[in-house]
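Shown next: run-v8.tsv, containing TSV, N, CA and C atoms.
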chain	number	residue	atom	x	y	z
A	1	MET	N	0.84	-1.17	0.00
A	1	MET	CA	0.00	0.00	0.00
A	1	MET	C	0.89	1.24	0.00
A	2	ARG	N	0.48	2.23	-0.74
A	2	ARG	CA	1.23	3.48	-0.79
A	2	ARG	C	1.07	4.25	0.50
A	3	ASP	N	2.01	5.13	0.78
A	3	ASP	CA	1.95	5.95	1.99
A	3	ASP	C	1.18	7.25	1.76
A	4	TYR	N	0.69	7.46	0.57
A	4	TYR	CA	0.00	8.70	0.26
A	4	TYR	C	-1.13	8.41	-0.71
A	5	MET	N	-2.06	9.33	-0.79
A	5	MET	CA	-3.15	9.20	-1.76
A	5	MET	C	-3.26	10.49	-2.54
A	6	LYS	N	-3.61	10.36	-3.77
A	6	LYS	CA	-3.87	11.51	-4.63
A	6	LYS	C	-5.39	11.72	-4.67
A	7	PRO	N	-5.83	12.92	-4.99
A	7	PRO	CA	-7.29	13.17	-5.04
A	7	PRO	C	-8.03	12.19	-5.93
A	8	GLN	N	-7.44	11.78	-7.02
A	8	GLN	CA	-8.12	10.84	-7.92
A	8	GLN	C	-8.24	9.44	-7.31
A	9	ASP	N	-7.49	9.17	-6.23
A	9	ASP	CA	-7.58	7.87	-5.56
A	9	ASP	C	-8.82	7.77	-4.68
A	10	LEU	N	-9.47	8.89	-4.39
A	10	LEU	CA	-10.63	8.88	-3.52
A	10	LEU	C	-11.88	8.47	-4.30
A	11	ASN	N	-11.83	7.28	-4.78
A	11	ASN	CA	-12.97	6.68	-5.45
A	11	ASN	C	-13.42	5.51	-4.58
A	12	THR	N	-14.27	4.68	-5.08
A	12	THR	CA	-14.77	3.55	-4.29
A	12	THR	C	-13.63	2.66	-3.82
A	13	GLU	N	-12.72	2.34	-4.71
A	13	GLU	CA	-11.60	1.48	-4.33
A	13	GLU	C	-10.74	2.14	-3.26
A	14	GLY	N	-10.49	3.43	-3.40
A	14	GLY	CA	-9.69	4.14	-2.41
A	14	GLY	C	-10.37	4.17	-1.06
A	15	CYS	N	-11.69	4.35	-1.06
A	15	CYS	CA	-12.43	4.36	0.21
A	15	CYS	C	-12.41	2.98	0.86
A	16	ILE	N	-12.52	1.95	0.07
A	16	ILE	CA	-12.46	0.58	0.60
A	16	ILE	C	-11.09	0.32	1.21
A	17	LEU	N	-10.05	0.75	0.54
A	17	LEU	CA	-8.69	0.57	1.07
A	17	LEU	C	-8.51	1.34	2.38
A	18	LEU	N	-9.05	2.54	2.45
A	18	LEU	CA	-8.95	3.34	3.66
A	18	LEU	C	-9.68	2.67	4.83
A	19	VAL	N	-10.90	2.22	4.59
A	19	VAL	CA	-11.68	1.54	5.63
A	19	VAL	C	-10.96	0.27	6.08
A	20	THR	N	-10.44	-0.49	5.13
A	20	THR	CA	-9.72	-1.72	5.46
A	20	THR	C	-8.53	-1.42	6.35
A	21	GLN	N	-7.80	-0.37	6.04
A	21	GLN	CA	-6.63	-0.02	6.85
A	21	GLN	C	-7.02	0.45	8.24
A	22	ILE	N	-8.11	1.21	8.35
A	22	ILE	CA	-8.58	1.66	9.67
A	22	ILE	C	-8.94	0.45	10.53
A	23	LEU	N	-9.66	-0.51	9.96
A	23	LEU	CA	-10.06	-1.69	10.71
A	23	LEU	C	-8.86	-2.57	11.06
A	24	ARG	N	-7.92	-2.68	10.14
A	24	ARG	CA	-6.70	-3.45	10.40
A	24	ARG	C	-5.88	-2.81	11.52
A	25	ASP	N	-5.73	-1.49	11.47
A	25	ASP	CA	-4.99	-0.78	12.52
A	25	ASP	C	-5.67	-0.93	13.88
A	26	ALA	N	-6.99	-0.86	13.90
A	26	ALA	CA	-7.72	-1.01	15.16
A	26	ALA	C	-7.49	-2.40	15.74
A	27	ALA	N	-7.51	-3.42	14.89
A	27	ALA	CA	-7.27	-4.79	15.37
A	27	ALA	C	-5.85	-4.93	15.92
A	28	GLN	N	-4.88	-4.38	15.23
A	28	GLN	CA	-3.50	-4.45	15.72
A	28	GLN	C	-3.35	-3.70	17.05
A	29	ASP	N	-4.01	-2.58	17.16
A	29	ASP	CA	-3.96	-1.79	18.40
A	29	ASP	C	-4.58	-2.59	19.54
A	30	TYR	N	-5.71	-3.23	19.29
A	30	TYR	CA	-6.37	-4.04	20.30
A	30	TYR	C	-5.46	-5.18	20.74
A	31	LEU	N	-4.90	-5.91	19.77
A	31	LEU	CA	-4.02	-7.03	20.09
A	31	LEU	C	-2.79	-6.59	20.88
A	32	HIS	N	-2.17	-5.53	20.44
A	32	HIS	CA	-0.97	-5.03	21.12
A	32	HIS	C	-1.29	-4.65	22.57
A	33	THR	N	-2.39	-3.93	22.76
A	33	THR	CA	-2.76	-3.49	24.10
A	33	THR	C	-3.16	-4.68	24.98
A	34	ARG	N	-3.89	-5.63	24.42
A	34	ARG	CA	-4.30	-6.82	25.18
A	34	ARG	C	-3.06	-7.61	25.62
A	35	ARG	N	-2.12	-7.77	24.72
A	35	ARG	CA	-0.89	-8.51	25.07
A	35	ARG	C	-0.10	-7.78	26.14
A	36	TYR	N	-0.02	-6.48	26.03
A	36	TYR	CA	0.69	-5.69	27.04
A	36	TYR	C	0.02	-5.84	28.40
A	37	LEU	N	-1.31	-5.82	28.42
A	37	LEU	CA	-2.04	-5.94	29.68
A	37	LEU	C	-1.88	-7.33	30.32
A	38	ARG	N	-1.58	-8.33	29.52
A	38	ARG	CA	-1.32	-9.64	30.11
A	38	ARG	C	-0.06	-9.59	30.97
A	39	ARG	N	0.91	-8.79	30.55
A	39	ARG	CA	2.17	-8.65	31.30
A	39	ARG	C	2.07	-7.61	32.41
A	40	SER	N	1.26	-6.59	32.19
A	40	SER	CA	1.13	-5.48	33.15
A	40	SER	C	-0.35	-5.15	33.36
A	41	PRO	N	-1.06	-6.02	34.07
A	41	PRO	CA	-2.52	-5.85	34.18
A	41	PRO	C	-2.97	-4.62	34.97
A	42	ASP	N	-2.08	-4.02	35.72
A	42	ASP	CA	-2.46	-2.86	36.53
A	42	ASP	C	-2.02	-1.53	35.94
A	43	ASP	N	-1.51	-1.54	34.73
A	43	ASP	CA	-1.03	-0.31	34.10
A	43	ASP	C	-2.22	0.58	33.76
A	44	ALA	N	-2.32	1.69	34.46
A	44	ALA	CA	-3.48	2.58	34.30
A	44	ALA	C	-3.59	3.14	32.88
A	45	ASN	N	-2.48	3.49	32.27
A	45	ASN	CA	-2.52	4.02	30.90
A	45	ASN	C	-3.00	2.98	29.91
A	46	ALA	N	-2.51	1.75	30.07
A	46	ALA	CA	-2.92	0.68	29.16
A	46	ALA	C	-4.40	0.34	29.37
A	47	LEU	N	-4.86	0.35	30.60
A	47	LEU	CA	-6.27	0.09	30.86
A	47	LEU	C	-7.16	1.17	30.25
A	48	ALA	N	-6.72	2.42	30.36
A	48	ALA	CA	-7.48	3.52	29.75
A	48	ALA	C	-7.48	3.40	28.23
A	49	HIS	N	-6.34	3.02	27.67
A	49	HIS	CA	-6.26	2.86	26.22
A	49	HIS	C	-7.16	1.71	25.76
A	50	MET	N	-7.18	0.61	26.51
A	50	MET	CA	-8.04	-0.52	26.13
A	50	MET	C	-9.50	-0.10	26.17
A	51	LYS	N	-9.87	0.70	27.15
A	51	LYS	CA	-11.24	1.20	27.22
A	51	LYS	C	-11.57	2.01	25.97
A	52	HIS	N	-10.62	2.83	25.54
A	52	HIS	CA	-10.81	3.64	24.33
A	52	HIS	C	-10.94	2.74	23.09
A	53	VAL	N	-10.09	1.75	22.98
A	53	VAL	CA	-10.13	0.84	21.83
A	53	VAL	C	-11.45	0.07	21.81
A	54	LYS	N	-11.88	-0.40	22.98
A	54	LYS	CA	-13.15	-1.13	23.04
A	54	LYS	C	-14.32	-0.23	22.65
A	55	SER	N	-14.24	1.04	23.03
A	55	SER	CA	-15.33	1.95	22.67
A	55	SER	C	-15.44	2.11	21.16
A	56	PHE	N	-14.32	2.00	20.45
A	56	PHE	CA	-14.36	2.04	18.98
A	56	PHE	C	-15.19	0.89	18.45
A	57	TYR	N	-14.95	-0.32	18.99
A	57	TYR	CA	-15.65	-1.50	18.48
A	57	TYR	C	-17.14	-1.52	18.81
A	58	THR	N	-17.56	-0.71	19.75
A	58	THR	CA	-18.99	-0.65	20.09
A	58	THR	C	-19.64	0.64	19.60
A	59	SER	N	-18.91	1.39	18.78
A	59	SER	CA	-19.39	2.69	18.32
A	59	SER	C	-20.18	2.61	17.02
A	60	ASP	N	-20.94	3.66	16.77
A	60	ASP	CA	-21.63	3.79	15.49
A	60	ASP	C	-20.63	3.93	14.35
A	61	TYR	N	-19.48	4.51	14.64
A	61	TYR	CA	-18.42	4.66	13.63
A	61	TYR	C	-17.97	3.28	13.13
A	62	PHE	N	-17.75	2.35	14.06
A	62	PHE	CA	-17.37	0.99	13.66
A	62	PHE	C	-18.48	0.36	12.82
A	63	LYS	N	-19.72	0.53	13.27
A	63	LYS	CA	-20.84	-0.04	12.52
A	63	LYS	C	-20.88	0.52	11.11
A	64	ALA	N	-20.62	1.81	10.97
A	64	ALA	CA	-20.63	2.43	9.64
A	64	ALA	C	-19.49	1.89	8.79
A	65	LEU	N	-18.30	1.80	9.37
A	65	LEU	CA	-17.15	1.31	8.61
A	65	LEU	C	-17.33	-0.14	8.18
A	66	SER	N	-17.92	-0.95	9.05
A	66	SER	CA	-18.11	-2.37	8.74
A	66	SER	C	-19.44	-2.61	8.02
A	67	GLU	N	-20.15	-1.53	7.76
A	67	GLU	CA	-21.46	-1.58	7.09
A	67	GLU	C	-22.43	-2.49	7.83
A	68	GLY	N	-22.25	-2.60	9.14
A	68	GLY	CA	-23.14	-3.43	9.95
A	68	GLY	C	-23.02	-4.92	9.68
A	69	MET	N	-22.01	-5.32	8.94
A	69	MET	CA	-21.86	-6.72	8.56
A	69	MET	C	-21.17	-7.55	9.64
A	70	VAL	N	-20.57	-6.88	10.62
A	70	VAL	CA	-19.88	-7.60	11.69
A	70	VAL	C	-20.11	-6.86	12.99
A	71	ASP	N	-20.26	-7.63	14.04
A	71	ASP	CA	-20.50	-7.07	15.36
A	71	ASP	C	-19.16	-6.82	16.05
A	72	GLY	N	-18.98	-5.65	16.62
A	72	GLY	CA	-17.73	-5.31	17.29
A	72	GLY	C	-17.40	-6.23	18.45
A	73	GLU	N	-18.41	-6.66	19.20
A	73	GLU	CA	-18.20	-7.59	20.31
A	73	GLU	C	-17.63	-8.92	19.79
A	74	THR	N	-18.13	-9.37	18.66
A	74	THR	CA	-17.64	-10.60	18.05
A	74	THR	C	-16.18	-10.44	17.63
A	75	VAL	N	-15.85	-9.30	17.07
A	75	VAL	CA	-14.47	-9.04	16.66
A	75	VAL	C	-13.56	-9.08	17.88
A	76	MET	N	-13.96	-8.43	18.96
A	76	MET	CA	-13.13	-8.42	20.17
A	76	MET	C	-12.95	-9.82	20.75
A	77	ARG	N	-14.00	-10.64	20.73
A	77	ARG	CA	-13.87	-12.02	21.22
A	77	ARG	C	-12.87	-12.80	20.38
A	78	GLU	N	-12.92	-12.61	19.07
A	78	GLU	CA	-11.99	-13.30	18.18
A	78	GLU	C	-10.56	-12.82	18.42
A	79	LEU	N	-10.38	-11.54	18.60
A	79	LEU	CA	-9.05	-11.01	18.88
A	79	LEU	C	-8.53	-11.52	20.22
A	80	ASP	N	-9.42	-11.63	21.21
A	80	ASP	CA	-9.03	-12.20	22.51
A	80	ASP	C	-8.54	-13.63	22.36
A	81	ARG	N	-9.20	-14.40	21.49
A	81	ARG	CA	-8.77	-15.78	21.24
A	81	ARG	C	-7.36	-15.82	20.66
A	82	GLN	N	-7.05	-14.86	19.82
A	82	GLN	CA	-5.71	-14.81	19.22
A	82	GLN	C	-4.63	-14.53	20.26
A	83	VAL	N	-4.98	-13.80	21.31
A	83	VAL	CA	-4.01	-13.46	22.33
A	83	VAL	C	-3.73	-14.67	23.24
A	84	ARG	N	-4.72	-15.52	23.45
A	84	ARG	CA	-4.55	-16.67	24.34
A	84	ARG	C	-3.62	-17.69	23.79

Rewrite the coordinates I just gave you, this time as structure tokens.
Amino acid sequence: MRDYMKPQDLNTEGCILLVTQILRDAAQDYLHTRRYLRRSPDDANALAHMKHVKSFYTSDYFKALSEGMVDGETVMRELDRQVR
């Protein structure tokens, strides 16, 4: 994937790529934070960050990005399985 977009890239394909990257980054952020919390379960900053990440998966924004085709709670359960 390129590190930049040109105005002509903002078509359907460009929007799909952008949404895909947002969802991929959110999953990586969730996994990274969950793994960190396994080692440091009392870290206040990590706990606050996990709360923020979880709020993304339960937000209307997530529903819009996923077009309602996937439930954020289901995604988080699957990501939790990957950490175990």

Could you state the separation of atom C of A:Ala48 and atom N of A:Asp25 in Å, given to one decimal place? 17.5 Å

Write down as an MDAnalysis selection string the residues belonging to stretch 31-77 of chain A that are assigned helix (DSSP H, G or I) by DSSP computed on the backbone. chainID A and resid 31:39 44:57 60:65 72:77

Selection above as a file: N, CA and C atoms, as a compact mmCIF listing (two decimals), in the coordinates of the input:
# COMPACT_ATOMS: atom_id res chain seq x y z
N LEU A 31 -4.90 -5.91 19.77
CA LEU A 31 -4.02 -7.03 20.09
C LEU A 31 -2.79 -6.59 20.88
N HIS A 32 -2.17 -5.53 20.44
CA HIS A 32 -0.97 -5.03 21.12
C HIS A 32 -1.29 -4.65 22.57
N THR A 33 -2.39 -3.93 22.76
CA THR A 33 -2.76 -3.49 24.10
C THR A 33 -3.16 -4.68 24.98
N ARG A 34 -3.89 -5.63 24.42
CA ARG A 34 -4.30 -6.82 25.18
C ARG A 34 -3.06 -7.61 25.62
N ARG A 35 -2.12 -7.77 24.72
CA ARG A 35 -0.89 -8.51 25.07
C ARG A 35 -0.10 -7.78 26.14
N TYR A 36 -0.02 -6.48 26.03
CA TYR A 36 0.69 -5.69 27.04
C TYR A 36 0.02 -5.84 28.40
N LEU A 37 -1.31 -5.82 28.42
CA LEU A 37 -2.04 -5.94 29.68
C LEU A 37 -1.88 -7.33 30.32
N ARG A 38 -1.58 -8.33 29.52
CA ARG A 38 -1.32 -9.64 30.11
C ARG A 38 -0.06 -9.59 30.97
N ARG A 39 0.91 -8.79 30.55
CA ARG A 39 2.17 -8.65 31.30
C ARG A 39 2.07 -7.61 32.41
N ALA A 44 -2.32 1.69 34.46
CA ALA A 44 -3.48 2.58 34.30
C ALA A 44 -3.59 3.14 32.88
N ASN A 45 -2.48 3.49 32.27
CA ASN A 45 -2.52 4.02 30.90
C ASN A 45 -3.00 2.98 29.91
N ALA A 46 -2.51 1.75 30.07
CA ALA A 46 -2.92 0.68 29.16
C ALA A 46 -4.40 0.34 29.37
N LEU A 47 -4.86 0.35 30.60
CA LEU A 47 -6.27 0.09 30.86
C LEU A 47 -7.16 1.17 30.25
N ALA A 48 -6.72 2.42 30.36
CA ALA A 48 -7.48 3.52 29.75
C ALA A 48 -7.48 3.40 28.23
N HIS A 49 -6.34 3.02 27.67
CA HIS A 49 -6.26 2.86 26.22
C HIS A 49 -7.16 1.71 25.76
N MET A 50 -7.18 0.61 26.51
CA MET A 50 -8.04 -0.52 26.13
C MET A 50 -9.50 -0.10 26.17
N LYS A 51 -9.87 0.70 27.15
CA LYS A 51 -11.24 1.20 27.22
C LYS A 51 -11.57 2.01 25.97
N HIS A 52 -10.62 2.83 25.54
CA HIS A 52 -10.81 3.64 24.33
C HIS A 52 -10.94 2.74 23.09
N VAL A 53 -10.09 1.75 22.98
CA VAL A 53 -10.13 0.84 21.83
C VAL A 53 -11.45 0.07 21.81
N LYS A 54 -11.88 -0.40 22.98
CA LYS A 54 -13.15 -1.13 23.04
C LYS A 54 -14.32 -0.23 22.65
N SER A 55 -14.24 1.04 23.03
CA SER A 55 -15.33 1.95 22.67
C SER A 55 -15.44 2.11 21.16
N PHE A 56 -14.32 2.00 20.45
CA PHE A 56 -14.36 2.04 18.98
C PHE A 56 -15.19 0.89 18.45
N TYR A 57 -14.95 -0.32 18.99
CA TYR A 57 -15.65 -1.50 18.48
C TYR A 57 -17.14 -1.52 18.81
N ASP A 60 -20.94 3.66 16.77
CA ASP A 60 -21.63 3.79 15.49
C ASP A 60 -20.63 3.93 14.35
N TYR A 61 -19.48 4.51 14.64
CA TYR A 61 -18.42 4.66 13.63
C TYR A 61 -17.97 3.28 13.13
N PHE A 62 -17.75 2.35 14.06
CA PHE A 62 -17.37 0.99 13.66
C PHE A 62 -18.48 0.36 12.82
N LYS A 63 -19.72 0.53 13.27
CA LYS A 63 -20.84 -0.04 12.52
C LYS A 63 -20.88 0.52 11.11
N ALA A 64 -20.62 1.81 10.97
CA ALA A 64 -20.63 2.43 9.64
C ALA A 64 -19.49 1.89 8.79
N LEU A 65 -18.30 1.80 9.37
CA LEU A 65 -17.15 1.31 8.61
C LEU A 65 -17.33 -0.14 8.18
N GLY A 72 -18.98 -5.65 16.62
CA GLY A 72 -17.73 -5.31 17.29
C GLY A 72 -17.40 -6.23 18.45
N GLU A 73 -18.41 -6.66 19.20
CA GLU A 73 -18.20 -7.59 20.31
C GLU A 73 -17.63 -8.92 19.79
N THR A 74 -18.13 -9.37 18.66
CA THR A 74 -17.64 -10.60 18.05
C THR A 74 -16.18 -10.44 17.63
N VAL A 75 -15.85 -9.30 17.07
CA VAL A 75 -14.47 -9.04 16.66
C VAL A 75 -13.56 -9.08 17.88
N MET A 76 -13.96 -8.43 18.96
CA MET A 76 -13.13 -8.42 20.17
C MET A 76 -12.95 -9.82 20.75
N ARG A 77 -14.00 -10.64 20.73
CA ARG A 77 -13.87 -12.02 21.22
C ARG A 77 -12.87 -12.80 20.38

Kindly give the distance, in Å, that separates atom CA of A:Met76 and atom C of A:Cys15, rounded to a single decimal. 22.4 Å

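From atom CA of A:Tyr36 back to atom CA of A:Asp71, the distance works out to 24.2 Å.
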
Quick one: what's the axis-aligned box for stretch 46-59 of chain A, all listed atoms, 8 Å on every side, centre and edges in Å to one decimal, as AutoDock Vina command-line options?
--center_x -11.3 --center_y 1.1 --center_z 23.9 --size_x 33.7 --size_y 21.2 --size_z 29.8

From the set A:Gly72, A:Pro41, A:Pro7, A:Gly14, which residue has the shortest atom-to-atom contact distance to A:Tyr57, counting only C-alpha atoms? A:Gly72

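With only C-alpha atoms as the basis for measurement, A:Ala26 is the residue among A:Val75, A:Val70, A:Ala26, A:Leu65 that approaches A:Val53 most closely.
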
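Closest approach to A:Asp80 among A:Arg35, A:Gly68, A:Leu18, A:Leu23 is made by A:Arg35 (distances from only C-alpha atoms).
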
Once all heavy atoms are restored for stretch 71-82 of chain A, what would the output be as a PDB file, in the coordinates of the input?
ATOM      1  N   ASP A  71     -20.260  -7.630  14.040  1.00  0.00           N
ATOM      2  CA  ASP A  71     -20.500  -7.070  15.360  1.00  0.00           C
ATOM      3  C   ASP A  71     -19.160  -6.820  16.050  1.00  0.00           C
ATOM      4  O   ASP A  71     -18.295  -7.715  16.075  1.00  0.00           O
ATOM      5  CB  ASP A  71     -21.355  -8.060  16.171  1.00  0.00           C
ATOM      6  CG  ASP A  71     -21.569  -7.614  17.583  1.00  0.00           C
ATOM      7  OD1 ASP A  71     -22.083  -6.498  17.791  1.00  0.00           O
ATOM      8  OD2 ASP A  71     -21.219  -8.383  18.494  1.00  0.00           O
ATOM      9  N   GLY A  72     -18.980  -5.650  16.620  1.00  0.00           N
ATOM     10  CA  GLY A  72     -17.730  -5.310  17.290  1.00  0.00           C
ATOM     11  C   GLY A  72     -17.400  -6.230  18.450  1.00  0.00           C
ATOM     12  O   GLY A  72     -16.241  -6.573  18.686  1.00  0.00           O
ATOM     13  N   GLU A  73     -18.410  -6.660  19.200  1.00  0.00           N
ATOM     14  CA  GLU A  73     -18.200  -7.590  20.310  1.00  0.00           C
ATOM     15  C   GLU A  73     -17.630  -8.920  19.790  1.00  0.00           C
ATOM     16  O   GLU A  73     -16.752  -9.510  20.405  1.00  0.00           O
ATOM     17  CB  GLU A  73     -19.508  -7.833  21.072  1.00  0.00           C
ATOM     18  CG  GLU A  73     -20.066  -6.614  21.760  1.00  0.00           C
ATOM     19  CD  GLU A  73     -19.287  -6.207  22.994  1.00  0.00           C
ATOM     20  OE1 GLU A  73     -18.579  -7.055  23.577  1.00  0.00           O
ATOM     21  OE2 GLU A  73     -19.392  -5.035  23.377  1.00  0.00           O
ATOM     22  N   THR A  74     -18.130  -9.370  18.660  1.00  0.00           N
ATOM     23  CA  THR A  74     -17.640 -10.600  18.050  1.00  0.00           C
ATOM     24  C   THR A  74     -16.180 -10.440  17.630  1.00  0.00           C
ATOM     25  O   THR A  74     -15.368 -11.343  17.831  1.00  0.00           O
ATOM     26  CB  THR A  74     -18.505 -10.974  16.826  1.00  0.00           C
ATOM     27  OG1 THR A  74     -19.860 -11.113  17.251  1.00  0.00           O
ATOM     28  CG2 THR A  74     -18.036 -12.253  16.178  1.00  0.00           C
ATOM     29  N   VAL A  75     -15.850  -9.300  17.070  1.00  0.00           N
ATOM     30  CA  VAL A  75     -14.470  -9.040  16.660  1.00  0.00           C
ATOM     31  C   VAL A  75     -13.560  -9.080  17.880  1.00  0.00           C
ATOM     32  O   VAL A  75     -12.492  -9.713  17.854  1.00  0.00           O
ATOM     33  CB  VAL A  75     -14.343  -7.679  15.934  1.00  0.00           C
ATOM     34  CG1 VAL A  75     -12.892  -7.322  15.690  1.00  0.00           C
ATOM     35  CG2 VAL A  75     -15.121  -7.700  14.629  1.00  0.00           C
ATOM     36  N   MET A  76     -13.960  -8.430  18.960  1.00  0.00           N
ATOM     37  CA  MET A  76     -13.130  -8.420  20.170  1.00  0.00           C
ATOM     38  C   MET A  76     -12.950  -9.820  20.750  1.00  0.00           C
ATOM     39  O   MET A  76     -11.848 -10.176  21.189  1.00  0.00           O
ATOM     40  CB  MET A  76     -13.702  -7.463  21.212  1.00  0.00           C
ATOM     41  CG  MET A  76     -13.511  -5.996  20.838  1.00  0.00           C
ATOM     42  SD  MET A  76     -14.003  -4.851  22.146  1.00  0.00           S
ATOM     43  CE  MET A  76     -15.783  -4.966  22.072  1.00  0.00           C
ATOM     44  N   ARG A  77     -14.000 -10.640  20.730  1.00  0.00           N
ATOM     45  CA  ARG A  77     -13.870 -12.020  21.220  1.00  0.00           C
ATOM     46  C   ARG A  77     -12.870 -12.800  20.380  1.00  0.00           C
ATOM     47  O   ARG A  77     -12.045 -13.540  20.903  1.00  0.00           O
ATOM     48  CB  ARG A  77     -15.228 -12.723  21.225  1.00  0.00           C
ATOM     49  CG  ARG A  77     -16.077 -12.400  22.428  1.00  0.00           C
ATOM     50  CD  ARG A  77     -17.259 -13.337  22.560  1.00  0.00           C
ATOM     51  NE  ARG A  77     -18.138 -13.315  21.410  1.00  0.00           N
ATOM     52  CZ  ARG A  77     -19.135 -12.445  21.232  1.00  0.00           C
ATOM     53  NH1 ARG A  77     -19.372 -11.517  22.138  1.00  0.00           N
ATOM     54  NH2 ARG A  77     -19.897 -12.508  20.170  1.00  0.00           N
ATOM     55  N   GLU A  78     -12.920 -12.610  19.070  1.00  0.00           N
ATOM     56  CA  GLU A  78     -11.990 -13.300  18.180  1.00  0.00           C
ATOM     57  C   GLU A  78     -10.560 -12.820  18.420  1.00  0.00           C
ATOM     58  O   GLU A  78      -9.617 -13.610  18.440  1.00  0.00           O
ATOM     59  CB  GLU A  78     -12.380 -13.111  16.717  1.00  0.00           C
ATOM     60  CG  GLU A  78     -11.450 -13.793  15.746  1.00  0.00           C
ATOM     61  CD  GLU A  78     -11.327 -15.290  15.957  1.00  0.00           C
ATOM     62  OE1 GLU A  78     -12.311 -15.939  16.356  1.00  0.00           O
ATOM     63  OE2 GLU A  78     -10.220 -15.823  15.721  1.00  0.00           O
ATOM     64  N   LEU A  79     -10.380 -11.540  18.600  1.00  0.00           N
ATOM     65  CA  LEU A  79      -9.050 -11.010  18.880  1.00  0.00           C
ATOM     66  C   LEU A  79      -8.530 -11.520  20.220  1.00  0.00           C
ATOM     67  O   LEU A  79      -7.355 -11.854  20.350  1.00  0.00           O
ATOM     68  CB  LEU A  79      -9.070  -9.475  18.855  1.00  0.00           C
ATOM     69  CG  LEU A  79      -9.341  -8.851  17.483  1.00  0.00           C
ATOM     70  CD1 LEU A  79      -9.582  -7.349  17.623  1.00  0.00           C
ATOM     71  CD2 LEU A  79      -8.204  -9.130  16.525  1.00  0.00           C
ATOM     72  N   ASP A  80      -9.420 -11.630  21.210  1.00  0.00           N
ATOM     73  CA  ASP A  80      -9.030 -12.200  22.510  1.00  0.00           C
ATOM     74  C   ASP A  80      -8.540 -13.630  22.360  1.00  0.00           C
ATOM     75  O   ASP A  80      -7.582 -14.048  23.011  1.00  0.00           O
ATOM     76  CB  ASP A  80     -10.184 -12.137  23.512  1.00  0.00           C
ATOM     77  CG  ASP A  80     -10.431 -10.731  24.039  1.00  0.00           C
ATOM     78  OD1 ASP A  80      -9.499  -9.895  24.011  1.00  0.00           O
ATOM     79  OD2 ASP A  80     -11.573 -10.470  24.485  1.00  0.00           O
ATOM     80  N   ARG A  81      -9.200 -14.400  21.490  1.00  0.00           N
ATOM     81  CA  ARG A  81      -8.770 -15.780  21.240  1.00  0.00           C
ATOM     82  C   ARG A  81      -7.360 -15.820  20.660  1.00  0.00           C
ATOM     83  O   ARG A  81      -6.595 -16.715  20.968  1.00  0.00           O
ATOM     84  CB  ARG A  81      -9.733 -16.481  20.297  1.00  0.00           C
ATOM     85  CG  ARG A  81     -10.989 -16.944  20.955  1.00  0.00           C
ATOM     86  CD  ARG A  81     -11.809 -17.860  20.040  1.00  0.00           C
ATOM     87  NE  ARG A  81     -13.176 -17.802  20.484  1.00  0.00           N
ATOM     88  CZ  ARG A  81     -14.165 -17.168  19.859  1.00  0.00           C
ATOM     89  NH1 ARG A  81     -13.955 -16.577  18.711  1.00  0.00           N
ATOM     90  NH2 ARG A  81     -15.374 -17.152  20.351  1.00  0.00           N
ATOM     91  N   GLN A  82      -7.050 -14.860  19.820  1.00  0.00           N
ATOM     92  CA  GLN A  82      -5.710 -14.810  19.220  1.00  0.00           C
ATOM     93  C   GLN A  82      -4.630 -14.530  20.260  1.00  0.00           C
ATOM     94  O   GLN A  82      -3.494 -14.966  20.096  1.00  0.00           O
ATOM     95  CB  GLN A  82      -5.650 -13.758  18.121  1.00  0.00           C
ATOM     96  CG  GLN A  82      -6.474 -14.105  16.908  1.00  0.00           C
ATOM     97  CD  GLN A  82      -6.362 -13.041  15.841  1.00  0.00           C
ATOM     98  OE1 GLN A  82      -5.348 -12.371  15.727  1.00  0.00           O
ATOM     99  NE2 GLN A  82      -7.415 -12.887  15.056  1.00  0.00           N
TER     100      GLN A  82
END
